[in-house]
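See below for the structure under consideration.
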Amino acid sequence: MAVSEKATRPASKYDMDGEGMCPYRLVLEHVTSRWGVLVLIELLERPYRFSELRRAIGRVSEKMLTQTLQTLERDGLVHRDAKPVIPPRVDYSLTDLGREAAEQVRALATWTKDRMDDVQQARQAYDGARA
């Protein structure tokens, strides 16, 4: 961040100096992680059971999906609804906070998809200049 931006931006109780990661940066990391992005975007459509969500996302291990869901649940973005039935049924959905975050992430994903041709051209130009 530029010095002028930092000087004009109001101080936040979550701004921290030093080597530690600021709490808001951790949440940003959770929301924008590889699996976090995909989980949030998928849950925008509807609630999912674990196995349905895993299939919808594709190529995510059970362990990584579990960790991602737990992290997003802890951050207040995902709601886990365990139903007391046999066999057990657990549904995952977005909280209001999660829906807000997911909309932002989806906008970035849409922009990326829409501008991929421009990115490819920039990459080719960069690689050509380096060759």
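Numbering starts fresh at 1 for the residues of each chain in the structure tokens, the chains themselves are lettered A, B, ... in the order given, and ligands are numbered from 1 as they appear.
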
> Taking the backbone alone, and naming residues the way the document does, which bits of chain A are strand (DSSP E) by DSSP, as a ChimeraX atom specification?
Replying inline: /A:48-49,78-83,89-94

>> Give me the residues near A:Leu53 as a count of residues only, where near means some atom within 10 Å (using only C-alpha atoms) and where sequence neighbours in that chain fewer than 5 positions away do not count.
In response: 11

>> Considering only helix (DSSP H, G or I) as DSSP defines it on the backbone, what residues of stretch 1-121 of chain A qualify? List them as a PyMOL selection string.
In response: chain A and resi 3-8+23-32+34-45+50-57+62-74+96-114+116-121

> Hey, can you check how far atom CA of A:Glu62 sits from atom CA of A:Pro87?
Replying inline: 18.6 Å

> Which residue out of A:Leu97, A:Ile57, A:Cys22, A:Arg46 has the minimum interatomic distance to A:Arg34 when only C-alpha atoms are used?
Replying inline: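 Smallest separation from A:Arg34 among the options: A:Ile57.
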